[in-house]
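*Asks:* For reference, this is run.cif, and it has mmCIF, C-alpha atoms and all ligand atoms.
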```
data_input
#
loop_
_atom_site.group_PDB
_atom_site.id
_atom_site.type_symbol
_atom_site.label_atom_id
_atom_site.label_comp_id
_atom_site.auth_asym_id
_atom_site.auth_seq_id
_atom_site.Cartn_x
_atom_site.Cartn_y
_atom_site.Cartn_z
ATOM 1 C CA MET A 24 -3.847 73.346 -28.539
ATOM 2 C CA LYS A 25 -7.495 72.363 -28.553
ATOM 3 C CA LEU A 26 -9.292 73.851 -31.522
ATOM 4 C CA GLN A 27 -12.125 75.686 -29.890
ATOM 5 C CA TYR A 28 -14.588 77.213 -32.262
ATOM 6 C CA LEU A 29 -14.058 80.930 -32.475
ATOM 7 C CA GLN A 30 -17.385 82.620 -32.231
ATOM 8 C CA HIS A 31 -20.253 80.149 -32.341
ATOM 9 C CA PRO A 32 -19.628 77.276 -30.017
ATOM 10 C CA LEU A 33 -21.170 73.972 -31.038
ATOM 11 C CA PRO A 34 -23.953 73.035 -31.297
ATOM 12 C CA SER A 35 -25.262 75.327 -34.019
ATOM 13 C CA PRO A 36 -28.966 76.188 -33.557
ATOM 14 C CA LEU A 37 -31.723 73.863 -34.721
ATOM 15 C CA GLN A 38 -34.649 76.120 -35.658
ATOM 16 C CA ARG A 39 -38.207 75.175 -36.497
ATOM 17 C CA LEU A 40 -39.459 76.971 -39.582
ATOM 18 C CA ASP A 41 -42.745 78.729 -39.202
ATOM 19 C CA ASP A 42 -44.365 78.084 -42.588
ATOM 20 C CA PRO A 43 -48.089 77.489 -43.268
ATOM 21 C CA ARG A 44 -47.290 75.218 -46.238
ATOM 22 C CA TRP A 45 -45.639 72.713 -43.934
ATOM 23 C CA GLU A 46 -48.173 73.198 -41.171
ATOM 24 C CA ALA A 47 -51.041 72.525 -43.578
ATOM 25 C CA ARG A 48 -49.652 69.045 -44.138
ATOM 26 C CA ASP A 49 -48.857 68.507 -40.488
ATOM 27 C CA VAL A 50 -45.155 68.159 -41.231
ATOM 28 C CA ALA A 51 -42.497 70.061 -39.280
ATOM 29 C CA LEU A 52 -39.460 71.489 -41.068
ATOM 30 C CA TRP A 53 -36.400 72.209 -38.958
ATOM 31 C CA ILE A 54 -33.214 73.891 -40.131
ATOM 32 C CA LYS A 55 -29.867 73.010 -38.677
ATOM 33 C CA ARG A 56 -28.081 76.360 -38.958
ATOM 34 C CA ASP A 57 -24.543 75.244 -39.641
ATOM 35 C CA ASP A 58 -24.276 78.355 -41.820
ATOM 36 C CA LEU A 59 -23.959 80.227 -38.523
ATOM 37 C CA LEU A 60 -20.854 78.261 -37.581
ATOM 38 C CA ALA A 61 -18.577 80.942 -38.947
ATOM 39 C CA PRO A 62 -15.881 82.936 -37.214
ATOM 40 C CA SER A 63 -17.237 86.068 -38.898
ATOM 41 C CA PRO A 64 -20.150 86.730 -41.307
ATOM 42 C CA ASN A 65 -19.541 85.134 -44.716
ATOM 43 C CA ASP A 66 -16.344 83.461 -43.618
ATOM 44 C CA PRO A 67 -15.839 80.387 -45.819
ATOM 45 C CA LEU A 68 -14.914 78.295 -42.775
ATOM 46 C CA CYS A 69 -18.532 77.462 -42.014
ATOM 47 C CA GLY A 70 -21.157 74.790 -42.492
ATOM 48 C CA ASN A 71 -19.940 71.431 -43.678
ATOM 49 C CA LYS A 72 -16.475 72.895 -44.314
ATOM 50 C CA TRP A 73 -15.975 73.314 -40.601
ATOM 51 C CA ARG A 74 -17.391 69.837 -39.933
ATOM 52 C CA LYS A 75 -15.000 68.307 -42.450
ATOM 53 C CA LEU A 76 -11.937 70.216 -41.310
ATOM 54 C CA GLN A 77 -12.359 70.152 -37.550
ATOM 55 C CA TYR A 78 -10.738 66.755 -36.852
ATOM 56 C CA ASN A 79 -8.247 67.151 -39.671
ATOM 57 C CA LEU A 80 -6.953 70.361 -38.119
ATOM 58 C CA GLN A 81 -6.677 68.669 -34.766
ATOM 59 C CA ARG A 82 -4.753 65.793 -36.319
ATOM 60 C CA ALA A 83 -2.448 68.121 -38.265
ATOM 61 C CA ARG A 84 -1.624 69.951 -35.049
ATOM 62 C CA GLU A 85 -1.106 66.751 -33.058
ATOM 63 C CA GLU A 86 1.194 65.375 -35.735
ATOM 64 C CA GLY A 87 3.264 68.558 -35.629
ATOM 65 C CA TYR A 88 2.474 69.925 -39.094
ATOM 66 C CA GLU A 89 2.768 73.650 -39.633
ATOM 67 C CA GLN A 90 1.465 73.643 -43.185
ATOM 68 C CA LEU A 91 -1.700 72.407 -44.899
ATOM 69 C CA LEU A 92 -1.734 71.569 -48.604
ATOM 70 C CA THR A 93 -4.913 70.960 -50.527
ATOM 71 C CA PHE A 94 -6.566 70.935 -53.936
ATOM 72 C CA GLY A 95 -9.498 72.594 -55.631
ATOM 73 C CA GLY A 96 -10.958 74.304 -58.657
ATOM 74 C CA ALA A 97 -10.850 78.073 -58.948
ATOM 75 C CA TYR A 98 -14.290 78.378 -57.324
ATOM 76 C CA SER A 99 -13.698 75.877 -54.555
ATOM 77 C CA ASN A 100 -15.313 76.659 -51.195
ATOM 78 C CA HIS A 101 -12.945 74.130 -49.727
ATOM 79 C CA LEU A 102 -9.807 76.053 -50.772
ATOM 80 C CA ALA A 103 -11.198 79.215 -49.248
ATOM 81 C CA ALA A 104 -12.145 77.356 -46.064
ATOM 82 C CA VAL A 105 -8.681 75.811 -45.667
ATOM 83 C CA ALA A 106 -7.074 79.232 -46.123
ATOM 84 C CA SER A 107 -9.334 80.662 -43.460
ATOM 85 C CA ALA A 108 -8.594 77.734 -41.117
ATOM 86 C CA GLY A 109 -4.871 78.329 -41.640
ATOM 87 C CA SER A 110 -5.176 81.963 -40.736
ATOM 88 C CA HIS A 111 -7.342 81.275 -37.666
ATOM 89 C CA PHE A 112 -5.344 78.380 -36.317
ATOM 90 C CA GLY A 113 -1.819 79.300 -37.369
ATOM 91 C CA PHE A 114 -1.005 76.966 -40.286
ATOM 92 C CA ARG A 115 0.654 78.053 -43.508
ATOM 93 C CA THR A 116 -1.521 76.980 -46.444
ATOM 94 C CA ILE A 117 -0.818 75.904 -50.019
ATOM 95 C CA GLY A 118 -3.655 75.621 -52.527
ATOM 96 C CA VAL A 119 -3.056 73.575 -55.659
ATOM 97 C CA VAL A 120 -5.554 74.966 -58.144
ATOM 98 C CA ARG A 121 -6.835 73.229 -61.267
ATOM 99 C CA GLY A 122 -6.133 75.409 -64.298
ATOM 100 C CA GLU A 123 -3.072 76.369 -66.273
ATOM 101 C CA GLU A 124 -3.520 80.080 -66.016
ATOM 102 C CA ALA A 125 -3.633 82.002 -62.812
ATOM 103 C CA VAL A 126 -7.166 83.387 -62.514
ATOM 104 C CA GLN A 127 -8.577 85.769 -59.975
ATOM 105 C CA ASN A 128 -12.003 85.759 -58.369
ATOM 106 C CA PRO A 129 -13.371 86.544 -54.893
ATOM 107 C CA THR A 130 -12.880 82.958 -53.664
ATOM 108 C CA LEU A 131 -9.198 82.895 -54.597
ATOM 109 C CA GLU A 132 -8.689 86.499 -53.526
ATOM 110 C CA ARG A 133 -10.106 85.631 -50.131
ATOM 111 C CA ALA A 134 -7.851 82.592 -49.911
ATOM 112 C CA GLN A 135 -4.805 84.720 -50.690
ATOM 113 C CA GLN A 136 -5.828 87.381 -48.204
ATOM 114 C CA ASN A 137 -5.862 84.595 -45.645
ATOM 115 C CA GLY A 138 -2.291 83.794 -46.558
ATOM 116 C CA MET A 139 -2.795 80.857 -48.938
ATOM 117 C CA GLN A 140 -0.068 80.406 -51.502
ATOM 118 C CA LEU A 141 -1.718 79.393 -54.786
ATOM 119 C CA HIS A 142 -0.132 77.057 -57.273
ATOM 120 C CA PHE A 143 -1.927 76.564 -60.606
ATOM 121 C CA ILE A 144 -1.464 73.311 -62.486
ATOM 122 C CA ASP A 145 -2.818 71.981 -65.758
ATOM 123 C CA ARG A 146 -5.755 69.619 -65.752
ATOM 124 C CA SER A 147 -3.853 66.455 -66.579
ATOM 125 C CA SER A 148 -1.341 67.019 -63.739
ATOM 126 C CA TYR A 149 -4.239 67.855 -61.466
ATOM 127 C CA ARG A 150 -5.746 64.439 -62.129
ATOM 128 C CA GLN A 151 -2.756 62.916 -60.302
ATOM 129 C CA LYS A 152 -3.849 64.576 -57.074
ATOM 130 C CA GLN A 153 -4.076 61.243 -55.257
ATOM 131 C CA ASP A 154 -0.928 59.716 -56.686
ATOM 132 C CA PRO A 155 1.672 59.184 -53.900
ATOM 133 C CA THR A 156 4.668 60.170 -56.080
ATOM 134 C CA PHE A 157 2.930 63.318 -57.239
ATOM 135 C CA LEU A 158 2.114 64.199 -53.625
ATOM 136 C CA GLN A 159 5.672 63.545 -52.551
ATOM 137 C CA ASN A 160 6.959 65.866 -55.269
ATOM 138 C CA LEU A 161 4.628 68.557 -54.008
ATOM 139 C CA THR A 162 5.836 68.217 -50.425
ATOM 140 C CA GLU A 163 9.459 68.272 -51.603
ATOM 141 C CA ARG A 164 8.728 71.463 -53.434
ATOM 142 C CA PHE A 165 6.624 73.201 -50.781
ATOM 143 C CA GLY A 166 7.878 71.595 -47.583
ATOM 144 C CA PRO A 167 6.320 69.109 -45.140
ATOM 145 C CA SER A 168 2.553 69.415 -45.347
ATOM 146 C CA TYR A 169 -0.579 67.847 -43.961
ATOM 147 C CA ILE A 170 -2.391 66.905 -47.151
ATOM 148 C CA LEU A 171 -6.119 67.339 -47.438
ATOM 149 C CA PRO A 172 -7.847 65.800 -50.460
ATOM 150 C CA GLU A 173 -9.992 67.826 -52.844
ATOM 151 C CA GLY A 174 -13.237 68.814 -51.120
ATOM 152 C CA GLY A 175 -11.727 67.761 -47.778
ATOM 153 C CA THR A 176 -13.494 64.390 -47.889
ATOM 154 C CA ASN A 177 -11.546 61.831 -45.830
ATOM 155 C CA LYS A 178 -12.055 59.738 -42.689
ATOM 156 C CA ASP A 179 -11.694 62.677 -40.325
ATOM 157 C CA ALA A 180 -14.254 64.567 -42.398
ATOM 158 C CA PHE A 181 -16.722 61.674 -42.087
ATOM 159 C CA ALA A 182 -16.194 61.760 -38.317
ATOM 160 C CA GLY A 183 -16.992 65.489 -38.189
ATOM 161 C CA CYS A 184 -20.189 64.945 -40.194
ATOM 162 C CA ALA A 185 -21.151 61.944 -38.048
ATOM 163 C CA GLN A 186 -20.883 64.245 -35.045
ATOM 164 C CA LEU A 187 -23.293 66.619 -36.773
ATOM 165 C CA ALA A 188 -25.869 63.810 -37.034
ATOM 166 C CA GLN A 189 -25.494 63.039 -33.329
ATOM 167 C CA GLU A 190 -25.838 66.707 -32.473
ATOM 168 C CA ILE A 191 -29.148 66.900 -34.350
ATOM 169 C CA LEU A 192 -30.481 63.804 -32.575
ATOM 170 C CA THR A 193 -29.625 65.376 -29.234
ATOM 171 C CA GLU A 194 -31.074 68.807 -30.032
ATOM 172 C CA HIS A 195 -34.338 67.691 -31.603
ATOM 173 C CA PRO A 196 -37.159 67.688 -29.035
ATOM 174 C CA THR A 197 -38.568 64.337 -30.209
ATOM 175 C CA GLN A 198 -36.930 62.353 -33.007
ATOM 176 C CA PRO A 199 -36.342 63.501 -36.572
ATOM 177 C CA THR A 200 -37.916 61.268 -39.196
ATOM 178 C CA HIS A 201 -35.829 62.661 -42.064
ATOM 179 C CA LEU A 202 -32.500 64.456 -42.397
ATOM 180 C CA ALA A 203 -31.791 66.186 -45.698
ATOM 181 C CA VAL A 204 -28.546 67.521 -47.144
ATOM 182 C CA ALA A 205 -27.190 68.779 -50.467
ATOM 183 C CA CYS A 206 -24.603 66.478 -52.060
ATOM 184 C CA GLY A 207 -21.551 67.374 -54.132
ATOM 185 C CA THR A 208 -18.975 64.663 -53.452
ATOM 186 C CA GLY A 209 -21.433 62.901 -51.127
ATOM 187 C CA GLY A 210 -18.894 62.987 -48.283
ATOM 188 C CA THR A 211 -21.097 64.978 -45.922
ATOM 189 C CA ALA A 212 -24.026 62.641 -46.579
ATOM 190 C CA ALA A 213 -21.842 59.559 -45.961
ATOM 191 C CA GLY A 214 -20.667 60.950 -42.613
ATOM 192 C CA LEU A 215 -24.252 61.754 -41.628
ATOM 193 C CA ILE A 216 -25.457 58.277 -42.607
ATOM 194 C CA ASN A 217 -22.711 56.864 -40.465
ATOM 195 C CA GLY A 218 -23.508 59.032 -37.476
ATOM 196 C CA LEU A 219 -27.283 58.513 -37.533
ATOM 197 C CA THR A 220 -28.900 56.138 -35.118
ATOM 198 C CA GLY A 221 -32.619 55.421 -34.800
ATOM 199 C CA THR A 222 -35.109 55.369 -37.627
ATOM 200 C CA ALA A 223 -34.508 58.683 -39.421
ATOM 201 C CA GLU A 224 -34.000 58.473 -43.175
ATOM 202 C CA LEU A 225 -31.226 60.495 -44.802
ATOM 203 C CA ILE A 226 -32.180 62.260 -48.046
ATOM 204 C CA GLY A 227 -29.252 63.398 -50.197
ATOM 205 C CA VAL A 228 -30.115 65.913 -52.908
ATOM 206 C CA SER A 229 -27.540 65.806 -55.678
ATOM 207 C CA VAL A 230 -26.569 69.173 -57.125
ATOM 208 C CA LEU A 231 -24.934 67.550 -60.133
ATOM 209 C CA LYS A 232 -26.431 66.203 -63.323
ATOM 210 C CA GLY A 233 -26.305 62.413 -63.602
ATOM 211 C CA ASN A 234 -27.352 59.411 -61.602
ATOM 212 C CA PHE A 235 -24.137 58.622 -59.785
ATOM 213 C CA MET A 236 -24.618 60.076 -56.315
ATOM 214 C CA ARG A 237 -25.830 56.817 -54.794
ATOM 215 C CA LYS A 238 -22.726 55.060 -56.088
ATOM 216 C CA GLU A 239 -20.465 57.846 -54.803
ATOM 217 C CA ILE A 240 -21.962 57.695 -51.324
ATOM 218 C CA ASN A 241 -21.693 53.908 -51.320
ATOM 219 C CA ARG A 242 -18.018 54.254 -52.247
ATOM 220 C CA HIS A 243 -17.483 56.481 -49.190
ATOM 221 C CA LEU A 244 -19.492 54.153 -46.973
ATOM 222 C CA GLU A 245 -17.189 51.257 -47.861
ATOM 223 C CA GLN A 246 -14.523 53.008 -45.788
ATOM 224 C CA LEU A 247 -16.812 53.256 -42.765
ATOM 225 C CA PRO A 248 -18.304 50.781 -40.295
ATOM 226 C CA GLU A 249 -21.599 49.319 -41.449
ATOM 227 C CA THR A 250 -24.751 51.162 -40.511
ATOM 228 C CA ALA A 251 -28.460 50.372 -40.591
ATOM 229 C CA THR A 252 -29.461 53.927 -41.578
ATOM 230 C CA ARG A 253 -31.972 54.156 -44.420
ATOM 231 C CA TRP A 254 -30.945 56.648 -47.076
ATOM 232 C CA THR A 255 -31.938 57.781 -50.493
ATOM 233 C CA THR A 256 -30.557 60.100 -53.154
ATOM 234 C CA LEU A 257 -32.508 62.422 -55.427
ATOM 235 C CA ASP A 258 -30.988 63.154 -58.830
ATOM 236 C CA ASP A 259 -33.619 65.434 -60.368
ATOM 237 C CA TYR A 260 -32.999 68.726 -58.567
ATOM 238 C CA HIS A 261 -29.771 69.861 -60.245
ATOM 239 C CA HIS A 262 -31.496 72.609 -62.311
ATOM 240 C CA GLY A 263 -29.219 71.968 -65.291
ATOM 241 C CA GLY A 264 -26.077 70.736 -63.547
ATOM 242 C CA TYR A 265 -23.407 71.866 -61.123
ATOM 243 C CA ALA A 266 -23.606 75.610 -60.490
ATOM 244 C CA ARG A 267 -26.385 75.893 -63.081
ATOM 245 C CA ARG A 268 -29.600 77.553 -62.070
ATOM 246 C CA SER A 269 -33.133 77.977 -63.329
ATOM 247 C CA PRO A 270 -35.570 80.888 -62.979
ATOM 248 C CA ALA A 271 -37.693 78.626 -60.743
ATOM 249 C CA LEU A 272 -34.724 78.104 -58.426
ATOM 250 C CA ASP A 273 -33.876 81.816 -58.332
ATOM 251 C CA ASN A 274 -37.510 82.678 -57.555
ATOM 252 C CA PHE A 275 -37.646 80.090 -54.836
ATOM 253 C CA ILE A 276 -34.474 81.406 -53.163
ATOM 254 C CA GLN A 277 -35.735 84.992 -53.284
ATOM 255 C CA HIS A 278 -39.117 84.035 -51.945
ATOM 256 C CA PHE A 279 -37.627 81.935 -49.167
ATOM 257 C CA HIS A 280 -35.396 84.802 -48.095
ATOM 258 C CA HIS A 281 -38.310 87.199 -48.146
ATOM 259 C CA GLU A 282 -40.515 84.863 -46.074
ATOM 260 C CA HIS A 283 -37.982 83.556 -43.591
ATOM 261 C CA GLY A 284 -34.993 85.905 -43.657
ATOM 262 C CA ILE A 285 -32.663 82.969 -44.333
ATOM 263 C CA ILE A 286 -30.226 83.211 -47.226
ATOM 264 C CA LEU A 287 -29.790 80.180 -49.474
ATOM 265 C CA GLU A 288 -27.320 80.031 -52.352
ATOM 266 C CA PRO A 289 -28.083 78.504 -55.754
ATOM 267 C CA ILE A 290 -25.327 75.876 -55.857
ATOM 268 C CA TYR A 291 -26.154 73.704 -52.857
ATOM 269 C CA THR A 292 -28.658 74.821 -50.232
ATOM 270 C CA GLY A 293 -31.087 76.463 -52.681
ATOM 271 C CA LYS A 294 -31.418 73.148 -54.541
ATOM 272 C CA LEU A 295 -31.856 71.279 -51.269
ATOM 273 C CA PHE A 296 -34.719 73.427 -50.007
ATOM 274 C CA PHE A 297 -36.335 73.587 -53.445
ATOM 275 C CA ALA A 298 -36.365 69.777 -53.429
ATOM 276 C CA LEU A 299 -37.864 69.614 -49.943
ATOM 277 C CA TYR A 300 -40.748 71.919 -50.836
ATOM 278 C CA ASP A 301 -41.373 69.857 -53.949
ATOM 279 C CA LEU A 302 -41.356 66.615 -51.945
ATOM 280 C CA LEU A 303 -43.809 68.194 -49.525
ATOM 281 C CA GLU A 304 -46.205 69.015 -52.384
ATOM 282 C CA GLN A 305 -45.897 65.474 -53.696
ATOM 283 C CA GLY A 306 -46.896 64.073 -50.302
ATOM 284 C CA TYR A 307 -43.522 62.390 -49.759
ATOM 285 C CA PHE A 308 -43.572 63.096 -46.026
ATOM 286 C CA PRO A 309 -46.237 61.291 -43.980
ATOM 287 C CA GLU A 310 -48.282 63.390 -41.551
ATOM 288 C CA GLY A 311 -46.423 63.992 -38.325
ATOM 289 C CA SER A 312 -42.972 63.860 -40.004
ATOM 290 C CA GLN A 313 -40.126 65.816 -38.451
ATOM 291 C CA VAL A 314 -37.831 66.858 -41.278
ATOM 292 C CA VAL A 315 -34.431 68.399 -40.574
ATOM 293 C CA ALA A 316 -32.698 70.235 -43.424
ATOM 294 C CA ILE A 317 -29.030 71.029 -42.956
ATOM 295 C CA HIS A 318 -27.974 74.512 -43.965
ATOM 296 C CA THR A 319 -24.393 73.753 -44.972
ATOM 297 C CA GLY A 320 -23.368 77.386 -45.547
ATOM 298 C CA GLY A 321 -21.554 78.187 -48.792
ATOM 299 C CA LEU A 322 -22.810 81.757 -48.968
ATOM 300 C CA GLN A 323 -19.378 83.046 -49.827
ATOM 301 C CA ALA A 324 -19.481 80.900 -52.989
ATOM 302 C CA PHE A 325 -22.626 82.732 -53.990
ATOM 303 C CA ALA A 326 -20.722 86.013 -54.138
ATOM 304 C CA SER A 327 -18.100 84.251 -56.197
ATOM 305 C CA ARG A 328 -20.634 82.889 -58.706
ATOM 306 C CA LEU A 329 -22.268 86.271 -59.048
ATOM 307 C CA ASP A 330 -18.900 87.673 -59.953
ATOM 308 C CA ARG A 331 -18.403 84.947 -62.548
ATOM 309 C CA SER A 332 -21.698 85.605 -64.263
ATOM 310 C CA ARG A 333 -20.875 89.276 -64.710
HETATM 311 C C1 LIG A 401 -22.391 74.716 -48.997
HETATM 312 C C2 LIG A 401 -22.140 73.295 -49.357
HETATM 313 N N1 LIG A 401 -23.113 72.403 -49.119
HETATM 314 C C3 LIG A 401 -22.975 71.103 -49.430
HETATM 315 C C4 LIG A 401 -21.815 70.639 -50.036
HETATM 316 C C5 LIG A 401 -21.731 69.209 -50.421
HETATM 317 O O1 LIG A 401 -20.812 68.504 -49.646
HETATM 318 P P1 LIG A 401 -20.196 67.151 -50.120
HETATM 319 O O2 LIG A 401 -19.175 67.458 -51.173
HETATM 320 O O3 LIG A 401 -19.592 66.580 -48.906
HETATM 321 O O4 LIG A 401 -21.300 66.318 -50.687
HETATM 322 C C6 LIG A 401 -20.771 71.529 -50.294
HETATM 323 C C7 LIG A 401 -19.542 71.040 -50.917
HETATM 324 O O5 LIG A 401 -18.636 71.699 -51.247
HETATM 325 C C8 LIG A 401 -20.928 72.904 -49.945
HETATM 326 O O6 LIG A 401 -19.973 73.820 -50.184
#
```
Since I need it in another form, could you write the structure as structure tokens?

*Replies:*
Amino acid sequence: MKLQYLQHPLPSPLQRLDDPRWEARDVALWIKRDDLLAPSPNDPLCGNKWRKLQYNLQRAREEGYEQLLTFGGAYSNHLAAVASAGSHFGFRTIGVVRGEEAVQNPTLERAQQNGMQLHFIDRSSYRQKQDPTFLQNLTERFGPSYILPEGGTNKDAFAGCAQLAQEILTEHPTQPTHLAVACGTGGTAAGLINGLTGTAELIGVSVLKGNFMRKEINRHLEQLPETATRWTTLDDYHHGGYARRSPALDNFIQHFHHEHGIILEPIYTGKLFFALYDLLEQGYFPEGSQVVAIHTGGLQAFASRLDRSR
């Protein structure tokens, strides 16, 4: 079976943002609306999750697997996306969740509603998630499974993200000068770097505290054919760390929604767009630049975080 996308066929729209702040500096900001790549509103199988899973699902089907097994924390978008993929494409799904005690939140509830069987394990066992013996024990326990790593970052995921880069190059009326994406594991950025041709620079905005994103992306790139793409990472837009937020970030997200009707969430895309507006003010983009920001979705995680902060 070919995995056709359910509601929004590729490519997702590339929209130019109508914003006087960008126009005043003669820089165009485009948004690649991968958030719209969802089978239904707020479905977790959207954005970069779909890009990362697409070829994996095809491979799992071709290799005759009927079950997907994957890993994640209790607030993992990836777990929720795999559960949704299983329900849409007819795979059973097992989610191995980090944490001794079974917890409940909208992300995990959604995963269960989509048929995912959750299995909670303590943190030290969880750290063995790439160990072949540990994986074999899991498949003996749960049955033959196509195993997806935490976050879904593997070679097939890079290929899906490389396709996204090619799609943008085809859709853009001239040539983008910059592509920008939020980075967690850096897998999406690595795939984009690999798929880019021409002179566009990839900007990866890290949503985590620390200066390791460049190293992480380089580690992914070692698994991929060499590329001449220029790329840079920005480590100063984490707003306190992963899933942390600042009043400035919250204001920005609200304002952006009010002005443009586009919803950003505070974990990934909010930090990305905040960074881009800041770079604009600093004069980072030369006049005439064509900047493409990728809206990687994740809006369902926003609901989950709101629940957590209650
Ligand atoms: C909405 C969203 N954007 C961006 C990312 C970052 O992707 P990556 O982990 O490939 O860097 C994630 C990762 O989970 C995500 O959920």

*Asks:* Expand the PyMOL selection byres (((chain A and resi 229-233) around 10) and not hetatm) into the individual residues it matches in the shown file, reporting them as JSON, numbers by chain.

*Replies:* {"A": [204, 205, 206, 207, 208, 209, 226, 227, 228, 234, 235, 236, 237, 256, 257, 258, 259, 260, 261, 262, 263, 264, 265, 266, 267, 289, 290, 291, 292, 293, 294, 295, 298]}

*Asks:* Residues at most 9 Å from ligand LIG 401 (chain A), using only C-alpha atoms and all ligand atoms? Could they come as a PyMOL selection string?

*Replies:* chain A and resi 58+67+69-72+75+99-101+174-176+180-181+184+204-214+227+229-230+240+288+290-292+317-324

*Asks:* Using all atoms listed in the file, which residue out of A:Ser107, A:Asp145, A:Ala51, A:Thr116 lies closest to Arg39 in chain A?

*Replies:* A:Ala51

*Asks:* For CA of Tyr169 in chain A and CA of Glu123 in chain A, determine how far apart the two atoms are, in Å to one decimal place.

*Replies:*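 Calculated distance between CA of Tyr169 in chain A and CA of Glu123 in chain A is 24.0 Å.
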
*Asks:* Could you build a table of the residues in range 177-268 of chain A lying no more than 8 Å from range 76-84 of chain A, giving for each the nearest pair of atoms and their separation in Å rounded to one decimal place, using only C-alpha atoms, ordered by chain and ascending residue number, as a tab-separated table?

*Replies:*
```
residue	atom	partner	partner_atom	distance
A:Asp179	CA	A:Tyr78	CA	5.4
A:Ala180	CA	A:Leu76	CA	6.2
A:Ala182	CA	A:Tyr78	CA	7.5
A:Gly183	CA	A:Tyr78	CA	6.5
```

*Asks:* So which one's closest to Ser110 in chain A, A:Gln186, A:Gly122, A:Tyr98, A:Asn137? Using all atoms listed in the file, please.

*Replies:*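 Ranked by minimum distance to Ser110 in chain A, first place goes to A:Asn137.
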
*Asks:* Using all atoms listed in the file, can you tell me which of A:Arg268, A:Arg253, A:Arg121, A:His283 comes closest to Phe143 in chain A?

*Replies:*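 Smallest separation from Phe143 in chain A among the options: A:Arg121.
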
*Asks:* Select, from A:Gln151, A:Gln38, A:Asn274, A:Ser312, the residue with the minimum atom-to-atom distance to Thr222 in chain A, counting only C-alpha atoms.

*Replies:*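 Using only C-alpha atoms, Thr222 in chain A sits closest to A:Ser312.
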
*Asks:* Pick out the residues sitting within 9 Å of Lys152 in chain A, and hand them over as a list in words; count all atoms listed in the file, and ignore anything fewer than 3 positions along from it in its own chain.

*Replies:*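 That gives Phe94, Ser148, Tyr149, Pro155, Phe157, Leu158, Pro172 and Glu173 of chain A.
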
*Asks:* Excluding Phe308 in chain A and residues on its chain fewer than 2 positions from it, collect all residues at most 10 Å away from it, counting all atoms listed in the file, and give them as JSON, numbers by chain.

*Replies:* {"A": [48, 49, 50, 51, 200, 201, 299, 302, 303, 304, 305, 306, 310, 311, 312, 313, 314]}

*Asks:* Record the distance separating CA of Leu91 in chain A and CA of Ile216 in chain A, expressed in Å with one decimal.

*Replies:*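 Taking CA of Leu91 in chain A and CA of Ile216 in chain A, their separation equals 27.7 Å.
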
*Asks:* Where's the centre, and what are the edge lengths in Å to one decimal, of a box along x, y and z enclosing all listed atoms of range 144-156 of chain A padded 5 Å per side, as JSON?

*Replies:*
```
{"center_x": -0.5, "center_y": 66.2, "center_z": -60.2, "size_x": 20.4, "size_y": 24.1, "size_z": 22.7}
```

*Asks:* For the provided coordinates, the residues matched by the PyMOL selection byres (((chain A and resi 132) around 12) and not hetatm) should be stated as a VMD selection string.

*Replies:* chain A and resid 97 to 99 102 to 103 106 to 107 125 to 131 133 to 141 323 327

*Asks:* Within 7 Å of Leu68 in chain A, counting all atoms listed in the file, which residues qualify if same-chain residues fewer than 2 places away don't, as a list in words?

*Replies:* Ala61, Asp66, Lys72, Trp73, Ala104, Ser107 and Ala108 of chain A

*Asks:* Could you check how far CA of Thr252 in chain A sits from CA of Tyr300 in chain A, in Å to one decimal?

*Replies:* 23.2 Å

*Asks:* If we count only C-alpha atoms, what is near Phe279 in chain A at a cut-off of 12 Å, once residues fewer than 2 positions away on the same chain are taken out, given as a VMD selection string?

*Replies:* chain A and resid 40 to 42 272 to 277 281 to 288 292 to 293 296 to 297 300

*Asks:* From the set A:Arg56, A:Arg150, A:His142, A:Lys238, which residue has the shortest atom-to-atom contact distance to Arg164 in chain A, counting all atoms listed in the file?

*Replies:*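 Residue with the minimum atom-to-atom distance to Arg164 in chain A: A:His142.
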
*Asks:* Name the residues that the PyMOL selection byres (((chain A and resi 189-195) around 10) and not hetatm) picks from the file above, as an NGL selection string, using the file's chain letters and numbers.

*Replies:* :A and (33-39 or 53-55 or 184-188 or 196-199 or 202 or 215 or 217-221 or 223 or 313 or 315 or 317)

*Asks:* Could you write out the selected residues, including C-alpha atoms, as a CSV table (one decimal), in the coordinates of the input?

*Replies:*
```csv
chain,number,residue,atom,x,y,z
A,33,LEU,CA,-21.2,74.0,-31.0
A,34,PRO,CA,-24.0,73.0,-31.3
A,35,SER,CA,-25.3,75.3,-34.0
A,36,PRO,CA,-29.0,76.2,-33.6
A,37,LEU,CA,-31.7,73.9,-34.7
A,38,GLN,CA,-34.6,76.1,-35.7
A,39,ARG,CA,-38.2,75.2,-36.5
A,53,TRP,CA,-36.4,72.2,-39.0
A,54,ILE,CA,-33.2,73.9,-40.1
A,55,LYS,CA,-29.9,73.0,-38.7
A,184,CYS,CA,-20.2,64.9,-40.2
A,185,ALA,CA,-21.2,61.9,-38.0
A,186,GLN,CA,-20.9,64.2,-35.0
A,187,LEU,CA,-23.3,66.6,-36.8
A,188,ALA,CA,-25.9,63.8,-37.0
A,196,PRO,CA,-37.2,67.7,-29.0
A,197,THR,CA,-38.6,64.3,-30.2
A,198,GLN,CA,-36.9,62.4,-33.0
A,199,PRO,CA,-36.3,63.5,-36.6
A,202,LEU,CA,-32.5,64.5,-42.4
A,215,LEU,CA,-24.3,61.8,-41.6
A,217,ASN,CA,-22.7,56.9,-40.5
A,218,GLY,CA,-23.5,59.0,-37.5
A,219,LEU,CA,-27.3,58.5,-37.5
A,220,THR,CA,-28.9,56.1,-35.1
A,221,GLY,CA,-32.6,55.4,-34.8
A,223,ALA,CA,-34.5,58.7,-39.4
A,313,GLN,CA,-40.1,65.8,-38.5
A,315,VAL,CA,-34.4,68.4,-40.6
A,317,ILE,CA,-29.0,71.0,-43.0
```
